[in-house]
$ cat data33.pdb   # PDB, C-alpha atoms, pLDDT in the B column
ATOM      1  CA  MET A   1      -3.887 138.292-113.762  1.00 68.00           C
ATOM      2  CA  ASN A   2      -2.732 134.992-115.191  1.00 78.00           C
ATOM      3  CA  PRO A   3      -1.988 132.680-112.237  1.00 82.00           C
ATOM      4  CA  PHE A   4       0.382 130.612-114.382  1.00 85.00           C
ATOM      5  CA  ALA A   5       2.528 133.709-114.916  1.00 87.00           C
ATOM      6  CA  LEU A   6       3.601 133.483-111.284  1.00 88.00           C
ATOM      7  CA  LEU A   7       5.994 130.713-112.315  1.00 92.00           C
ATOM      8  CA  ALA A   8       7.722 132.901-114.922  1.00 94.00           C
ATOM      9  CA  PRO A   9      10.620 133.871-112.581  1.00 94.00           C
ATOM     10  CA  VAL A  10      11.341 130.184-111.965  1.00 95.00           C
ATOM     11  CA  PHE A  11      11.457 129.436-115.688  1.00 96.00           C
ATOM     12  CA  LEU A  12      13.487 132.593-116.357  1.00 96.00           C
ATOM     13  CA  ALA A  13      16.099 131.320-113.884  1.00 96.00           C
ATOM     14  CA  PHE A  14      15.928 127.877-115.535  1.00 96.00           C
ATOM     15  CA  GLU A  15      16.403 129.425-118.979  1.00 95.00           C
ATOM     16  CA  LEU A  16      19.452 131.410-117.862  1.00 95.00           C
ATOM     17  CA  TRP A  17      20.895 128.322-116.145  1.00 94.00           C
ATOM     18  CA  GLN A  18      20.263 126.336-119.328  1.00 91.00           C
ATOM     19  CA  LEU A  19      22.228 128.907-121.370  1.00 89.00           C
ATOM     20  CA  VAL A  20      25.188 128.607-118.988  1.00 89.00           C
ATOM     21  CA  ILE A  21      25.119 124.807-119.076  1.00 86.00           C
ATOM     22  CA  SER A  22      24.852 124.691-122.868  1.00 82.00           C
ATOM     23  CA  GLU A  23      27.857 127.033-123.145  1.00 82.00           C
ATOM     24  CA  ARG A  24      29.766 124.752-120.805  1.00 80.00           C
ATOM     25  CA  TYR A  25      29.006 121.590-122.778  1.00 77.00           C
ATOM     26  CA  MET A  26      28.910 122.973-126.313  1.00 75.00           C
ATOM     27  CA  GLY A  27      30.866 126.208-126.046  1.00 75.00           C
ATOM     28  CA  ILE A  28      33.804 127.627-127.934  1.00 72.00           C
ATOM     29  CA  LYS A  29      36.353 125.643-125.900  1.00 71.00           C
ATOM     30  CA  GLN A  30      34.580 122.376-126.704  1.00 71.00           C
ATOM     31  CA  ILE A  31      34.342 123.275-130.391  1.00 70.00           C
ATOM     32  CA  ARG A  32      38.077 124.103-130.533  1.00 73.00           C
ATOM     33  CA  VAL A  33      39.081 120.681-129.227  1.00 74.00           C
ATOM     34  CA  ASN A  34      36.407 119.021-131.397  1.00 73.00           C
ATOM     35  CA  ALA A  35      34.738 117.447-128.364  1.00 71.00           C
ATOM     36  CA  ASP A  36      31.393 115.713-128.681  1.00 70.00           C
ATOM     37  CA  PRO A  37      29.100 117.038-125.918  1.00 70.00           C
ATOM     38  CA  ARG A  38      27.363 113.669-125.693  1.00 70.00           C
ATOM     39  CA  GLU A  39      30.626 112.135-124.492  1.00 75.00           C
ATOM     40  CA  LEU A  40      31.379 114.758-121.828  1.00 75.00           C
ATOM     41  CA  PRO A  41      30.648 113.827-118.230  1.00 79.00           C
ATOM     42  CA  MET A  42      27.546 115.316-116.632  1.00 81.00           C
ATOM     43  CA  SER A  43      26.558 114.637-113.066  1.00 85.00           C
ATOM     44  CA  GLU A  44      23.347 112.746-112.534  1.00 90.00           C
ATOM     45  CA  ARG A  45      22.017 115.606-110.420  1.00 92.00           C
ATOM     46  CA  VAL A  46      22.482 118.153-113.222  1.00 89.00           C
ATOM     47  CA  ALA A  47      20.976 115.791-115.784  1.00 87.00           C
ATOM     48  CA  ALA A  48      17.999 115.095-113.524  1.00 93.00           C
ATOM     49  CA  TRP A  49      17.303 118.789-112.818  1.00 92.00           C
ATOM     50  CA  TRP A  50      17.669 119.626-116.494  1.00 90.00           C
ATOM     51  CA  SER A  51      15.233 116.878-117.471  1.00 92.00           C
ATOM     52  CA  ILE A  52      12.745 117.837-114.757  1.00 95.00           C
ATOM     53  CA  GLY A  53      12.971 121.476-115.813  1.00 94.00           C
ATOM     54  CA  LEU A  54      12.261 120.641-119.440  1.00 93.00           C
ATOM     55  CA  LEU A  55       9.408 118.302-118.526  1.00 96.00           C
ATOM     56  CA  LEU A  56       7.779 121.096-116.497  1.00 96.00           C
ATOM     57  CA  TYR A  57       8.632 123.957-118.856  1.00 96.00           C
ATOM     58  CA  VAL A  58       6.789 122.732-121.954  1.00 95.00           C
ATOM     59  CA  PRO A  59       3.451 121.979-120.227  1.00 96.00           C
ATOM     60  CA  TRP A  60       3.732 125.368-118.502  1.00 96.00           C
ATOM     61  CA  MET A  61       4.037 127.006-121.923  1.00 96.00           C
ATOM     62  CA  PHE A  62       0.774 125.342-122.923  1.00 96.00           C
ATOM     63  CA  THR A  63      -0.950 126.560-119.751  1.00 95.00           C
ATOM     64  CA  LEU A  64      -0.134 130.122-120.799  1.00 94.00           C
ATOM     65  CA  LEU A  65      -2.527 129.620-123.711  1.00 94.00           C
ATOM     66  CA  LEU A  66      -5.459 129.227-121.307  1.00 92.00           C
ATOM     67  CA  HIS A  67      -5.487 132.881-120.175  1.00 90.00           C
ATOM     68  CA  PRO A  68      -5.558 135.994-122.378  1.00 89.00           C
ATOM     69  CA  VAL A  69      -2.749 137.644-120.393  1.00 87.00           C
ATOM     70  CA  GLY A  70       0.379 135.861-121.550  1.00 89.00           C
ATOM     71  CA  ARG A  71      -1.188 133.986-124.451  1.00 93.00           C
ATOM     72  CA  ALA A  72       0.995 135.749-127.034  1.00 94.00           C
ATOM     73  CA  GLN A  73       4.125 134.984-125.033  1.00 95.00           C
ATOM     74  CA  GLY A  74       3.042 131.349-124.703  1.00 95.00           C
ATOM     75  CA  VAL A  75       2.539 131.058-128.456  1.00 97.00           C
ATOM     76  CA  VAL A  76       5.954 132.589-129.174  1.00 97.00           C
ATOM     77  CA  LEU A  77       7.644 130.366-126.563  1.00 97.00           C
ATOM     78  CA  LEU A  78       6.114 127.241-128.114  1.00 97.00           C
ATOM     79  CA  ILE A  79       6.926 128.281-131.695  1.00 97.00           C
ATOM     80  CA  VAL A  80      10.523 129.229-130.859  1.00 97.00           C
ATOM     81  CA  THR A  81      11.020 125.962-128.971  1.00 95.00           C
ATOM     82  CA  ALA A  82       9.622 123.885-131.839  1.00 96.00           C
ATOM     83  CA  LEU A  83      11.571 125.759-134.525  1.00 96.00           C
ATOM     84  CA  GLY A  84      14.758 125.669-132.459  1.00 94.00           C
ATOM     85  CA  TYR A  85      14.425 121.930-131.951  1.00 94.00           C
ATOM     86  CA  GLY A  86      13.839 121.425-135.655  1.00 95.00           C
ATOM     87  CA  ILE A  87      16.879 123.483-136.599  1.00 95.00           C
ATOM     88  CA  ARG A  88      19.098 121.860-133.955  1.00 90.00           C
ATOM     89  CA  THR A  89      18.303 118.375-135.228  1.00 91.00           C
ATOM     90  CA  THR A  90      19.403 119.272-138.759  1.00 94.00           C
ATOM     91  CA  CYS A  91      22.509 121.410-138.150  1.00 89.00           C
ATOM     92  CA  GLY A  92      26.003 120.339-137.200  1.00 82.00           C
ATOM     93  CA  LEU A  93      27.357 120.441-133.653  1.00 78.00           C
ATOM     94  CA  LYS A  94      29.213 123.692-134.318  1.00 79.00           C
ATOM     95  CA  TRP A  95      25.924 125.500-135.042  1.00 87.00           C
ATOM     96  CA  VAL A  96      23.959 124.019-132.156  1.00 85.00           C
ATOM     97  CA  LEU A  97      25.392 126.538-129.687  1.00 84.00           C
ATOM     98  CA  VAL A  98      24.444 129.428-131.975  1.00 88.00           C
ATOM     99  CA  VAL A  99      20.898 128.125-132.337  1.00 92.00           C
ATOM    100  CA  LEU A 100      20.575 127.441-128.601  1.00 90.00           C
ATOM    101  CA  THR A 101      21.815 130.919-127.722  1.00 90.00           C
ATOM    102  CA  PHE A 102      19.489 132.629-130.186  1.00 94.00           C
ATOM    103  CA  GLU A 103      16.551 130.459-129.117  1.00 94.00           C
ATOM    104  CA  GLY A 104      17.322 131.045-125.444  1.00 94.00           C
ATOM    105  CA  SER A 105      17.570 134.808-125.875  1.00 95.00           C
ATOM    106  CA  ILE A 106      14.141 134.942-127.508  1.00 96.00           C
ATOM    107  CA  ARG A 107      12.655 132.831-124.723  1.00 96.00           C
ATOM    108  CA  VAL A 108      14.280 135.033-122.058  1.00 96.00           C
ATOM    109  CA  GLY A 109      12.815 138.062-123.788  1.00 96.00           C
ATOM    110  CA  MET A 110       9.350 136.505-123.822  1.00 96.00           C
ATOM    111  CA  LEU A 111       9.602 135.594-120.147  1.00 96.00           C
ATOM    112  CA  ILE A 112      10.649 139.136-119.251  1.00 96.00           C
ATOM    113  CA  SER A 113       7.753 140.443-121.345  1.00 95.00           C
ATOM    114  CA  LEU A 114       5.364 138.132-119.493  1.00 94.00           C
ATOM    115  CA  LEU A 115       6.732 139.308-116.148  1.00 93.00           C
ATOM    116  CA  GLY A 116       6.348 142.950-117.158  1.00 93.00           C
ATOM    117  CA  MET A 117       2.811 142.468-118.432  1.00 91.00           C
ATOM    118  CA  SER A 118       1.798 140.571-115.314  1.00 88.00           C
ATOM    119  CA  TRP A 119       3.363 143.214-113.072  1.00 88.00           C
ATOM    120  CA  ARG A 120       1.465 145.998-114.840  1.00 88.00           C
ATOM    121  CA  ARG A 121      -1.797 144.054-114.511  1.00 84.00           C
ATOM    122  CA  LEU A 122      -1.095 143.437-110.844  1.00 81.00           C
ATOM    123  CA  MET A 123      -0.506 147.159-110.178  1.00 83.00           C
ATOM    124  CA  MET A 124      -3.792 148.228-111.843  1.00 78.00           C
TER     125      MET A 124
END
$ encode --input "data33.pdb" --output "structure tokens"
Amino acid sequence: MNPFALLAPVFLAFELWQLVISERYMGIKQIRVNADPRELPMSERVAAWWSIGLLLYVPWMFTLLLHPVGRAQGVVLLIVTALGYGIRTTCGLKWVLVVLTFEGSIRVGMLISLLGMSWRRLMM
């Protein structure tokens, strides 16, 4: 079993939390009032946890490449993250939420796949 896969539940929770936060700061209500999410207040605690999560998440994705179990999920996670970032930097604010939601749903799916594969390997 891939020992790095043991952290998948933590990053699954982080990914779901990230989807909720992005909806809060760039959701339909914010788009309707034409608010810029960069100008909305965010507590330092939330910003710190979000930054720490991202700084741990990306290296963890690379560690998935070191073991055959979970390598495919690691590759997809890295590709989706890179493509999502590239698309988000070129689209308008109204499309950022759509891209983040789509990107997040693919990453959630890959994390669930990694959990399922690890669980099956553990039960063998």
$ residues_around --input "data33.pdb" --residues "Leu64 (chain A)" --least-positions-apart "5" --cutoff "10 Å" --atoms "all atoms listed in the file" --output "JSON, numbers by chain"
{"A": [2, 3, 4, 5, 59, 69, 70, 71, 72, 73, 74, 75, 77, 114]}
$ closest_residue --input "data33.pdb" --among "A:Pro68, A:Thr63, A:Trp50, A:Asp36" --to "Ser118 (chain A)" --atoms "only C-alpha atoms"
A:Pro68
$ closest_residue --input "data33.pdb" --among "A:Ile31, A:Thr81, A:Pro37, A:Val96" --to "Val108 (chain A)" --atoms "all atoms listed in the file"
A:Thr81
$ closest_residue --input "data33.pdb" --among "A:Gly84, A:Ser113, A:Phe14, A:Pro9" --to "Thr101 (chain A)" --atoms "only C-alpha atoms"
A:Gly84
$ axis_aligned_box --input "data33.pdb" --around "region 92-108 of chain A" --padding-each-side "6 Å" --output "AutoDock Vina command-line options"
--center_x 20.9 --center_y 127.7 --center_z -129.6 --size_x 28.6 --size_y 26.7 --size_z 27.1
$ residues_around --input "data33.pdb" --residues "Phe102 (chain A)" --least-positions-apart "5" --cutoff "12 Å" --atoms "all atoms listed in the file" --output "list of chain:residue names"
A:Leu19, A:Val80, A:Thr81, A:Leu83, A:Gly84, A:Tyr85, A:Ile87, A:Arg88, A:Trp95, A:Val96, A:Leu97, A:Arg107, A:Val108, A:Gly109
$ atom_distance --input "data33.pdb" --atom1 "CA of Met124 (chain A)" --atom2 "CA of Leu12 (chain A)"
23.7 Å
$ atom_distance --input "data33.pdb" --atom1 "CA of Ile112 (chain A)" --atom2 "CA of Leu16 (chain A)"
11.8 Å
$ closest_residue --input "data33.pdb" --among "A:Leu54, A:Leu66, A:Ala48, A:Ile106" --to "Gln18 (chain A)" --atoms "all atoms listed in the file"
A:Leu54
$ resolve_selection --input "data33.pdb" --expression "the PyMOL selection byres ((chain A and resi 40) around 12)" --output "VMD selection string"
chain A and resid 22 24 to 26 30 34 to 39 41 to 43
$ atom_distance --input "data33.pdb" --atom1 "CA of Val58 (chain A)" --atom2 "CA of Leu7 (chain A)"
12.5 Å
$ build_atoms --input "data33.pdb" --residues "region 24-35 of chain A" --atoms "all heavy atoms" --output "PDB file, in the coordinates of the input"
ATOM      1  N   ARG A  24      28.745 125.603-121.419  1.00 80.00           N
ATOM      2  CA  ARG A  24      29.766 124.752-120.805  1.00 80.00           C
ATOM      3  C   ARG A  24      29.979 123.468-121.604  1.00 80.00           C
ATOM      4  O   ARG A  24      31.106 123.018-121.778  1.00 80.00           O
ATOM      5  CB  ARG A  24      29.348 124.413-119.385  1.00 80.00           C
ATOM      6  CG  ARG A  24      30.323 123.544-118.665  1.00 80.00           C
ATOM      7  CD  ARG A  24      29.877 123.302-117.248  1.00 80.00           C
ATOM      8  NE  ARG A  24      30.729 122.318-116.622  1.00 80.00           N
ATOM      9  CZ  ARG A  24      30.420 121.679-115.522  1.00 80.00           C
ATOM     10  NH1 ARG A  24      29.295 121.948-114.903  1.00 80.00           N
ATOM     11  NH2 ARG A  24      31.230 120.798-115.007  1.00 80.00           N
ATOM     12  N   TYR A  25      28.897 122.876-122.094  1.00 77.00           N
ATOM     13  CA  TYR A  25      29.006 121.590-122.778  1.00 77.00           C
ATOM     14  C   TYR A  25      29.167 121.707-124.289  1.00 77.00           C
ATOM     15  O   TYR A  25      29.618 120.760-124.929  1.00 77.00           O
ATOM     16  CB  TYR A  25      27.805 120.706-122.448  1.00 77.00           C
ATOM     17  CG  TYR A  25      27.927 120.109-121.070  1.00 77.00           C
ATOM     18  CD1 TYR A  25      27.313 120.713-119.983  1.00 77.00           C
ATOM     19  CD2 TYR A  25      28.690 118.980-120.851  1.00 77.00           C
ATOM     20  CE1 TYR A  25      27.453 120.196-118.715  1.00 77.00           C
ATOM     21  CE2 TYR A  25      28.839 118.456-119.584  1.00 77.00           C
ATOM     22  CZ  TYR A  25      28.221 119.060-118.521  1.00 77.00           C
ATOM     23  OH  TYR A  25      28.379 118.551-117.264  1.00 77.00           O
ATOM     24  N   MET A  26      28.794 122.842-124.861  1.00 75.00           N
ATOM     25  CA  MET A  26      28.910 122.973-126.313  1.00 75.00           C
ATOM     26  C   MET A  26      29.525 124.305-126.702  1.00 75.00           C
ATOM     27  O   MET A  26      29.264 124.816-127.787  1.00 75.00           O
ATOM     28  CB  MET A  26      27.536 122.819-126.963  1.00 75.00           C
ATOM     29  CG  MET A  26      26.957 121.467-126.705  1.00 75.00           C
ATOM     30  SD  MET A  26      25.493 121.040-127.567  1.00 75.00           S
ATOM     31  CE  MET A  26      24.415 122.383-127.297  1.00 75.00           C
ATOM     32  N   GLY A  27      30.306 124.889-125.824  1.00 75.00           N
ATOM     33  CA  GLY A  27      30.866 126.208-126.046  1.00 75.00           C
ATOM     34  C   GLY A  27      32.079 126.224-126.959  1.00 75.00           C
ATOM     35  O   GLY A  27      32.478 125.211-127.537  1.00 75.00           O
ATOM     36  N   ILE A  28      32.660 127.395-127.057  1.00 72.00           N
ATOM     37  CA  ILE A  28      33.804 127.627-127.934  1.00 72.00           C
ATOM     38  C   ILE A  28      34.972 126.697-127.593  1.00 72.00           C
ATOM     39  O   ILE A  28      35.597 126.135-128.488  1.00 72.00           O
ATOM     40  CB  ILE A  28      34.262 129.105-127.830  1.00 72.00           C
ATOM     41  CG1 ILE A  28      33.120 130.062-128.161  1.00 72.00           C
ATOM     42  CG2 ILE A  28      35.476 129.376-128.692  1.00 72.00           C
ATOM     43  CD1 ILE A  28      32.645 130.010-129.578  1.00 72.00           C
ATOM     44  N   LYS A  29      35.239 126.512-126.299  1.00 71.00           N
ATOM     45  CA  LYS A  29      36.353 125.643-125.900  1.00 71.00           C
ATOM     46  C   LYS A  29      36.118 124.210-126.372  1.00 71.00           C
ATOM     47  O   LYS A  29      37.053 123.539-126.819  1.00 71.00           O
ATOM     48  CB  LYS A  29      36.523 125.656-124.381  1.00 71.00           C
ATOM     49  CG  LYS A  29      37.020 126.968-123.841  1.00 71.00           C
ATOM     50  CD  LYS A  29      37.118 126.920-122.331  1.00 71.00           C
ATOM     51  CE  LYS A  29      37.484 128.272-121.768  1.00 71.00           C
ATOM     52  NZ  LYS A  29      37.489 128.272-120.313  1.00 71.00           N
ATOM     53  N   GLN A  30      34.886 123.742-126.274  1.00 71.00           N
ATOM     54  CA  GLN A  30      34.580 122.376-126.704  1.00 71.00           C
ATOM     55  C   GLN A  30      34.670 122.244-128.225  1.00 71.00           C
ATOM     56  O   GLN A  30      35.087 121.210-128.738  1.00 71.00           O
ATOM     57  CB  GLN A  30      33.178 121.974-126.221  1.00 71.00           C
ATOM     58  CG  GLN A  30      32.994 122.048-124.731  1.00 71.00           C
ATOM     59  CD  GLN A  30      33.979 121.178-123.964  1.00 71.00           C
ATOM     60  OE1 GLN A  30      34.474 120.184-124.453  1.00 71.00           O
ATOM     61  NE2 GLN A  30      34.267 121.571-122.741  1.00 71.00           N
ATOM     62  N   ILE A  31      34.262 123.305-128.927  1.00 70.00           N
ATOM     63  CA  ILE A  31      34.342 123.275-130.391  1.00 70.00           C
ATOM     64  C   ILE A  31      35.802 123.260-130.842  1.00 70.00           C
ATOM     65  O   ILE A  31      36.154 122.543-131.781  1.00 70.00           O
ATOM     66  CB  ILE A  31      33.577 124.487-130.987  1.00 70.00           C
ATOM     67  CG1 ILE A  31      32.072 124.311-130.750  1.00 70.00           C
ATOM     68  CG2 ILE A  31      33.867 124.642-132.469  1.00 70.00           C
ATOM     69  CD1 ILE A  31      31.235 125.512-131.103  1.00 70.00           C
ATOM     70  N   ARG A  32      36.656 124.037-130.165  1.00 73.00           N
ATOM     71  CA  ARG A  32      38.077 124.103-130.533  1.00 73.00           C
ATOM     72  C   ARG A  32      38.762 122.748-130.431  1.00 73.00           C
ATOM     73  O   ARG A  32      39.597 122.404-131.261  1.00 73.00           O
ATOM     74  CB  ARG A  32      38.808 125.106-129.653  1.00 73.00           C
ATOM     75  CG  ARG A  32      38.605 126.511-130.095  1.00 73.00           C
ATOM     76  CD  ARG A  32      39.600 127.443-129.413  1.00 73.00           C
ATOM     77  NE  ARG A  32      39.200 128.805-129.705  1.00 73.00           N
ATOM     78  CZ  ARG A  32      39.111 129.760-128.810  1.00 73.00           C
ATOM     79  NH1 ARG A  32      39.440 129.512-127.561  1.00 73.00           N
ATOM     80  NH2 ARG A  32      38.730 130.961-129.147  1.00 73.00           N
ATOM     81  N   VAL A  33      38.434 121.989-129.395  1.00 74.00           N
ATOM     82  CA  VAL A  33      39.081 120.681-129.227  1.00 74.00           C
ATOM     83  C   VAL A  33      38.287 119.573-129.910  1.00 74.00           C
ATOM     84  O   VAL A  33      38.616 118.403-129.785  1.00 74.00           O
ATOM     85  CB  VAL A  33      39.301 120.338-127.732  1.00 74.00           C
ATOM     86  CG1 VAL A  33      40.256 121.320-127.105  1.00 74.00           C
ATOM     87  CG2 VAL A  33      38.000 120.275-126.979  1.00 74.00           C
ATOM     88  N   ASN A  34      37.235 119.963-130.637  1.00 73.00           N
ATOM     89  CA  ASN A  34      36.407 119.021-131.397  1.00 73.00           C
ATOM     90  C   ASN A  34      35.791 117.949-130.504  1.00 73.00           C
ATOM     91  O   ASN A  34      35.740 116.776-130.853  1.00 73.00           O
ATOM     92  CB  ASN A  34      37.219 118.391-132.532  1.00 73.00           C
ATOM     93  CG  ASN A  34      36.333 118.011-133.696  1.00 73.00           C
ATOM     94  OD1 ASN A  34      35.200 118.476-133.796  1.00 73.00           O
ATOM     95  ND2 ASN A  34      36.845 117.170-134.571  1.00 73.00           N
ATOM     96  N   ALA A  35      35.342 118.374-129.324  1.00 71.00           N
ATOM     97  CA  ALA A  35      34.738 117.447-128.364  1.00 71.00           C
ATOM     98  C   ALA A  35      33.261 117.234-128.694  1.00 71.00           C
ATOM     99  O   ALA A  35      32.569 118.151-129.131  1.00 71.00           O
ATOM    100  CB  ALA A  35      34.869 117.988-126.948  1.00 71.00           C
TER     101      ALA A  35
END
